[in-house]
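The structure file work-v4.txt is reproduced below (compact mmCIF, C-alpha atoms).
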# COMPACT_ATOMS: atom_id res chain seq x y z
CA MET A 1 38.60 62.70 53.25
CA HIS A 2 42.08 63.69 54.40
CA TYR A 3 41.80 67.25 55.68
CA ASN A 4 44.28 68.83 58.06
CA TRP A 5 42.08 70.50 60.69
CA ASN A 6 43.73 73.43 62.44
CA TRP A 7 41.46 75.40 64.77
CA GLY A 8 44.44 77.33 66.08
CA ILE A 9 44.62 79.12 62.72
CA PHE A 10 42.50 81.93 64.15
CA TRP A 11 45.34 82.99 66.43
CA GLU A 12 48.06 82.78 63.80
CA MET A 13 49.30 85.99 62.18
CA SER A 14 47.83 87.15 58.89
CA PRO A 15 49.88 89.02 56.23
CA ASP A 16 48.57 92.24 57.83
CA GLY A 17 50.44 91.41 61.02
CA ILE A 18 47.34 90.69 63.13
CA PRO A 19 45.73 87.39 64.17
CA TYR A 20 43.15 86.02 61.73
CA ILE A 21 40.46 86.30 64.41
CA ASP A 22 41.09 90.07 64.42
CA THR A 23 40.79 90.07 60.64
CA LEU A 24 37.34 88.52 60.94
CA LEU A 25 36.32 90.94 63.69
CA ALA A 26 37.49 93.88 61.56
CA GLY A 27 35.30 92.54 58.76
CA LEU A 28 32.43 92.24 61.23
CA LYS A 29 32.78 95.93 62.11
CA TRP A 30 32.36 96.88 58.45
CA THR A 31 29.39 94.51 58.14
CA LEU A 32 27.64 96.06 61.15
CA ALA A 33 28.49 99.63 60.08
CA THR A 34 27.16 99.04 56.57
CA ALA A 35 24.02 97.31 57.80
CA ALA A 36 23.30 99.94 60.47
CA CYS A 37 23.73 102.94 58.17
CA ALA A 38 21.75 101.29 55.39
CA TRP A 39 18.99 100.33 57.84
CA ILE A 40 18.57 103.91 59.07
CA MET A 41 18.38 105.08 55.46
CA ALA A 42 15.91 102.30 54.60
CA LEU A 43 13.64 103.10 57.54
CA VAL A 44 13.48 106.80 56.69
CA LEU A 45 12.91 106.38 52.95
CA GLY A 46 10.70 103.32 53.40
CA THR A 47 8.45 105.17 55.84
CA ILE A 48 8.15 108.17 53.50
CA PHE A 49 7.38 106.23 50.34
CA GLY A 50 5.28 103.63 52.12
CA THR A 51 3.13 106.42 53.53
CA LEU A 52 2.86 108.18 50.17
CA ARG A 53 1.49 104.99 48.64
CA THR A 54 -1.58 105.29 50.91
CA THR A 55 -2.43 108.93 50.19
CA THR A 56 -5.47 110.04 48.20
CA LYS A 57 -3.46 111.81 45.47
CA PRO A 58 -3.10 109.46 42.45
CA TRP A 59 0.04 111.15 41.06
CA VAL A 60 1.79 110.87 44.43
CA VAL A 61 0.82 107.20 44.67
CA ARG A 62 2.19 106.55 41.16
CA ILE A 63 5.53 108.19 41.99
CA ALA A 64 5.84 106.19 45.22
CA ASN A 65 4.88 102.96 43.45
CA GLY A 66 7.45 103.67 40.75
CA TYR A 67 10.15 104.13 43.40
CA VAL A 68 9.25 100.84 45.07
CA GLU A 69 9.11 98.85 41.85
CA LEU A 70 12.39 100.32 40.59
CA PHE A 71 14.52 99.47 43.61
CA ARG A 72 12.72 96.26 44.54
CA ASN A 73 12.94 94.56 41.14
CA ILE A 74 16.57 95.33 40.24
CA PRO A 75 18.86 92.69 41.83
CA LEU A 76 20.99 94.05 44.67
CA LEU A 77 24.22 92.95 42.98
CA VAL A 78 23.33 94.93 39.86
CA GLN A 79 22.50 97.97 41.98
CA MET A 80 25.88 97.69 43.71
CA PHE A 81 27.67 97.74 40.37
CA LEU A 82 25.55 100.62 39.06
CA TRP A 83 26.24 102.79 42.09
CA TYR A 84 29.96 101.95 42.19
CA PHE A 85 30.95 101.87 38.52
CA VAL A 86 28.26 103.78 36.60
CA MET A 87 27.00 106.64 38.80
CA PRO A 88 30.41 108.39 39.19
CA GLU A 89 30.73 108.42 35.40
CA LEU A 90 27.32 110.07 34.98
CA LEU A 91 28.14 112.91 37.39
CA PRO A 92 30.11 116.04 36.46
CA GLY A 93 33.80 115.21 36.07
CA ALA A 94 35.11 116.82 39.25
CA LEU A 95 32.34 115.38 41.44
CA GLY A 96 32.70 111.92 39.92
CA ASP A 97 36.47 111.94 40.43
CA TRP A 98 36.03 113.09 44.04
CA ILE A 99 33.61 110.24 44.78
CA LYS A 100 35.93 107.67 43.22
CA SER A 101 38.87 109.00 45.25
CA LEU A 102 37.09 108.68 48.61
CA PRO A 103 39.03 106.36 50.94
CA ASP A 104 35.78 104.61 51.91
CA ALA A 105 34.08 104.78 48.50
CA SER A 106 33.09 101.11 48.62
CA PHE A 107 31.48 101.60 52.05
CA VAL A 108 29.49 104.65 50.91
CA THR A 109 28.42 102.87 47.74
CA ALA A 110 27.39 99.71 49.57
CA THR A 111 25.40 101.74 52.09
CA LEU A 112 23.53 103.61 49.36
CA ALA A 113 22.77 100.51 47.31
CA LEU A 114 21.67 98.47 50.31
CA GLY A 115 19.70 101.39 51.74
CA PHE A 116 17.70 102.05 48.57
CA PHE A 117 17.12 98.34 47.95
CA THR A 118 15.86 97.70 51.48
CA SER A 119 13.83 100.92 51.62
CA SER A 120 11.61 99.63 48.82
CA ARG A 121 10.89 96.51 50.85
CA VAL A 122 10.27 98.51 54.02
CA ALA A 123 7.90 100.78 52.07
CA VAL A 124 5.75 97.77 51.17
CA GLN A 125 5.60 96.75 54.83
CA VAL A 126 4.65 100.29 55.93
CA THR A 127 1.92 100.43 53.31
CA THR A 128 0.58 97.07 54.45
CA GLY A 129 0.57 98.18 58.08
CA ILE A 130 -1.35 101.38 57.33
CA GLN A 131 -3.87 99.57 55.14
CA ALA A 132 -4.43 96.98 57.88
CA LEU A 133 -5.78 99.65 60.23
CA PRO A 134 -9.54 100.25 60.44
CA ARG A 135 -10.77 103.18 58.33
CA GLY A 136 -12.25 104.61 61.48
CA GLN A 137 -8.82 105.62 62.77
CA ARG A 138 -8.23 107.93 59.82
CA MET A 139 -11.73 109.34 60.22
CA ALA A 140 -11.20 109.81 63.95
CA GLY A 141 -8.11 111.88 63.25
CA ALA A 142 -10.09 114.11 60.92
CA ALA A 143 -12.87 114.41 63.51
CA LEU A 144 -10.32 115.63 66.04
CA GLY A 145 -9.28 118.37 63.66
CA LEU A 146 -5.93 116.83 62.74
CA THR A 147 -4.45 117.55 59.33
CA PRO A 148 -3.62 114.54 57.09
CA VAL A 149 0.06 114.87 58.04
CA GLN A 150 -0.78 114.98 61.76
CA THR A 151 -3.12 112.00 61.38
CA TYR A 152 -0.31 109.95 59.86
CA ARG A 153 2.21 111.12 62.44
CA TYR A 154 0.18 110.73 65.62
CA VAL A 155 -2.41 108.07 64.75
CA LEU A 156 -1.71 105.86 61.75
CA LEU A 157 2.07 105.39 61.68
CA PRO A 158 2.51 104.59 65.41
CA MET A 159 -0.11 101.85 65.12
CA ALA A 160 1.15 100.60 61.75
CA PHE A 161 4.69 100.17 63.04
CA ARG A 162 3.45 98.09 65.96
CA ILE A 163 1.78 95.77 63.49
CA ILE A 164 4.74 95.39 61.12
CA ILE A 165 7.53 94.96 63.68
CA PRO A 166 7.82 91.19 62.94
CA ALA A 167 8.18 91.93 59.22
CA LEU A 168 10.74 94.65 59.91
CA THR A 169 12.65 92.17 62.04
CA ASN A 170 13.00 89.93 58.99
CA GLU A 171 14.16 92.87 56.88
CA PHE A 172 16.80 93.80 59.46
CA ALA A 173 18.11 90.24 59.49
CA ALA A 174 18.15 90.29 55.68
CA ILE A 175 20.09 93.53 55.50
CA ILE A 176 22.88 92.04 57.62
CA LYS A 177 23.10 89.05 55.28
CA ASN A 178 22.79 91.16 52.14
CA SER A 179 25.74 93.29 53.22
CA SER A 180 27.95 90.39 52.11
CA VAL A 181 27.27 91.44 48.48
CA ALA A 182 29.48 94.47 49.15
CA LEU A 183 32.56 92.27 48.79
CA THR A 184 32.03 92.47 45.02
CA ILE A 185 32.92 96.19 45.06
CA GLY A 186 35.90 95.85 47.36
CA LEU A 187 34.46 96.33 50.84
CA VAL A 188 36.30 94.01 53.21
CA GLU A 189 33.32 93.05 55.36
CA LEU A 190 32.96 89.74 57.18
CA THR A 191 32.48 87.52 54.12
CA ALA A 192 35.36 89.16 52.25
CA ALA A 193 37.58 88.79 55.34
CA THR A 194 36.62 85.11 55.47
CA TYR A 195 37.57 84.59 51.83
CA SER A 196 40.87 86.35 52.46
CA MET A 197 41.64 84.08 55.40
CA ARG A 198 40.74 81.03 53.35
CA GLU A 199 42.97 82.03 50.44
CA PHE A 200 46.02 82.72 52.62
CA THR A 201 45.72 79.70 54.92
CA PHE A 202 43.87 77.13 52.77
CA GLN A 203 41.90 76.32 55.94
CA THR A 204 38.56 76.58 54.17
CA PHE A 205 36.33 74.85 56.71
CA GLU A 206 37.76 76.69 59.70
CA ALA A 207 37.35 80.09 58.02
CA LEU A 208 33.77 79.42 56.92
CA THR A 209 32.86 77.91 60.29
CA GLY A 210 34.19 80.98 62.10
CA ALA A 211 32.20 83.33 59.88
CA THR A 212 29.07 81.19 60.26
CA ILE A 213 29.29 81.30 64.05
CA ILE A 214 29.74 85.07 64.02
CA TYR A 215 26.73 85.53 61.72
CA LEU A 216 24.64 83.26 63.95
CA ILE A 217 25.57 85.19 67.09
CA ILE A 218 24.65 88.51 65.47
CA SER A 219 21.37 87.06 64.19
CA VAL A 220 20.43 85.64 67.60
CA ILE A 221 21.14 88.97 69.31
CA ALA A 222 19.11 90.88 66.71
CA LEU A 223 16.24 88.37 67.01
CA PHE A 224 16.23 88.60 70.81
CA MET A 225 16.10 92.40 70.71
CA ALA A 226 13.33 92.32 68.09
CA ARG A 227 11.23 89.90 70.16
CA LEU A 228 11.66 92.14 73.19
CA LEU A 229 10.56 95.14 71.15
CA GLU A 230 7.52 93.22 69.90
CA LYS A 231 6.42 92.46 73.46
CA VAL A 232 6.88 96.05 74.59
CA THR A 233 4.96 97.57 71.67
CA ALA A 234 2.32 94.88 71.13
CA VAL A 235 -1.26 96.15 70.84
CA PRO A 236 -4.04 93.68 71.79
CA GLY A 237 -6.33 92.90 68.90
CA TYR A 238 -3.74 93.37 66.15
CA ILE A 239 -1.38 91.06 64.30
CA THR A 240 1.91 90.83 66.19
CA GLY A 241 4.62 88.21 66.41
CA GLY A 242 3.21 86.38 63.39
CA SER A 243 -0.14 85.54 65.02
CA THR A 244 -3.58 87.04 65.23
CA SER A 245 -5.25 87.82 68.52
CA ALA A 246 -8.89 88.68 68.81
CA GLY A 247 -9.92 91.88 70.47
CA GLY A 248 -13.17 93.65 71.06
CA HIS A 249 -14.03 96.97 69.46
Show how you would write the structure in this file as structure tokens.
Amino acid sequence: MHYNWNWGIFWEMSPDGIPYIDTLLAGLKWTLATAACAWIMALVLGTIFGTLRTTTKPWVVRIANGYVELFRNIPLLVQMFLWYFVMPELLPGALGDWIKSLPDASFVTATLALGFFTSSRVAVQVTTGIQALPRGQRMAGAALGLTPVQTYRYVLLPMAFRIIIPALTNEFAAIIKNSSVALTIGLVELTAATYSMREFTFQTFEALTGATIIYLIISVIALFMARLLEKVTAVPGYITGGSTSAGGH
């Protein structure tokens, strides 16, 4: 294989007048911004709907289950296209035109699509965490005179989140990787910046290697922080870090 390796390509100027390494870093900023905003949205919505799935009201449970099944079973790419191309057309004319004219429309769209998609997955984890708790904890909250909302807030959810932190770690890593789908609607995140560099320089392996290293660094940092959080919040006797520890009751 006769390939002209050129690792100095990262410091050569792109058509935008900046080094290609800066092009990749600019894409990384959009990747992190999209992932962070979508993750906050996913945590909030996932916690709400995951909790609603464990209530005693059947109609509430059905609505929450419908939300989860809707956003979990439609492929993320399809959701991106629906939010970007279809939703503005379904809104009143002025509002739809305003959304399409936003300078960061692709970023907003990607955040919404990724946030709703991931929230359905987080909701399943929250439900699992709550259901893993002994029934006695819910009863203890009632015995203390707490309302159902207070029982969830002060008793069940704090314990459930300690149990599901390893699963949430996986979801956070996935949301960073899934942000690459946003290139299909015009967001120049890290993967899109890599493709741009490859097309202008024809240095395919260098561009992909650079992006791979950046993704690995981000993943390692996120994994290290998640492991630290697991140790700080671990509760003896419950499933943490992917293993089961026995505890007395």
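Of note, atom CA of Ile221 of chain A and atom CA of Trp7 of chain A are spaced 24.9 Å apart.
The protein and nucleic acid residues lying at most 12 Å from Gln150 of chain A are Arg138, Ala140, Gly141, Ala142, Leu144, Leu156, Leu157 and Pro158 of chain A, with all atoms listed in the file considered and sequence neighbours fewer than 6 positions away removed.
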Can you write just those residues out, C-alpha atoms, as a PDB file, keeping the file's coordinate frame?
ATOM      1  CA  ARG A 138      -8.230 107.930  59.820  1.00  0.00           C
ATOM      2  CA  ALA A 140     -11.200 109.810  63.950  1.00  0.00           C
ATOM      3  CA  GLY A 141      -8.110 111.880  63.250  1.00  0.00           C
ATOM      4  CA  ALA A 142     -10.090 114.110  60.920  1.00  0.00           C
ATOM      5  CA  LEU A 144     -10.320 115.630  66.040  1.00  0.00           C
ATOM      6  CA  LEU A 156      -1.710 105.860  61.750  1.00  0.00           C
ATOM      7  CA  LEU A 157       2.070 105.390  61.680  1.00  0.00           C
ATOM      8  CA  PRO A 158       2.510 104.590  65.410  1.00  0.00           C
TER       9      PRO A 158
END
Which residues of segment 12-36 of chain A come within 9 Å of segment 186-209 of chain A, and what is each one's closest atom pair and distance in Å (one decimal), counting all atoms listed in the file, sorted by chain and residue number, as a Markdown table?
| residue | atom | partner | partner_atom | distance |
| --- | --- | --- | --- | --- |
| A:Ser14 | CA | A:Met197 | CA | 7.7 |
| A:Pro15 | CA | A:Phe200 | CA | 8.2 |
| A:Tyr20 | CA | A:Met197 | CA | 6.8 |
| A:Thr23 | CA | A:Ala193 | CA | 6.3 |
| A:Leu24 | CA | A:Ala193 | CA | 5.6 |
| A:Leu25 | CA | A:Leu190 | CA | 7.4 |
| A:Ala26 | CA | A:Glu189 | CA | 7.5 |
| A:Gly27 | CA | A:Glu189 | CA | 4.0 |
| A:Leu28 | CA | A:Leu190 | CA | 4.8 |
| A:Lys29 | CA | A:Glu189 | CA | 7.4 |
| A:Trp30 | CA | A:Glu189 | CA | 5.0 |
| A:Thr31 | CA | A:Glu189 | CA | 5.0 |
| A:Leu32 | CA | A:Glu189 | CA | 8.7 |
| A:Thr34 | CA | A:Glu189 | CA | 8.7 |
Spatial neighbours of Val124 of chain A, max dist 12 Å, only C-alpha atoms, sep filter under 2 positions, as a VMD selection string: chain A and resid 42 to 43 45 to 54 64 to 65 67 to 69 71 to 72 117 to 122 126 to 131 160 164 167 to 168 171
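For the set A:Met139, A:Ala173, A:Ile213, A:Phe224, the residue with the smallest atom-to-atom gap to Thr151 of chain A is A:Met139, counting only C-alpha atoms.
Using all atoms listed in the file, the smallest distance between any of A:Gly115, A:Gly145, A:Pro134, A:Pro19 and Phe172 of chain A comes from A:Gly115.
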Distance criterion (all atoms listed in the file): nearest to Ile175 of chain A out of A:Tyr152, A:Trp5, A:Tyr215, A:Trp39: A:Trp39
Please produce, as a Markdown table, a per-residue contact table for segment 111-193 of chain A versus segment 75-98 of chain A (criterion: any atom at most 9 Å away, only C-alpha atoms considered), showing the nearest atom pair and its distance in Å to one decimal, sorted by chain then residue number.
| residue | atom | partner | partner_atom | distance |
| --- | --- | --- | --- | --- |
| A:Leu112 | CA | A:Trp83 | CA | 7.8 |
| A:Ala113 | CA | A:Met80 | CA | 5.5 |
| A:Leu114 | CA | A:Leu76 | CA | 7.2 |
| A:Phe117 | CA | A:Leu76 | CA | 6.6 |
| A:Asn178 | CA | A:Leu76 | CA | 8.2 |
| A:Val181 | CA | A:Leu77 | CA | 6.5 |
| A:Ala182 | CA | A:Met80 | CA | 7.3 |
| A:Thr184 | CA | A:Leu77 | CA | 8.1 |
| A:Ile185 | CA | A:Tyr84 | CA | 7.1 |
Generate a file of the selected residues that holds C-alpha atoms, formatted as a compact mmCIF listing (two decimals), in the coordinates of the input.
# COMPACT_ATOMS: atom_id res chain seq x y z
CA LEU A 112 23.53 103.61 49.36
CA ALA A 113 22.77 100.51 47.31
CA LEU A 114 21.67 98.47 50.31
CA PHE A 117 17.12 98.34 47.95
CA ASN A 178 22.79 91.16 52.14
CA VAL A 181 27.27 91.44 48.48
CA ALA A 182 29.48 94.47 49.15
CA THR A 184 32.03 92.47 45.02
CA ILE A 185 32.92 96.19 45.06
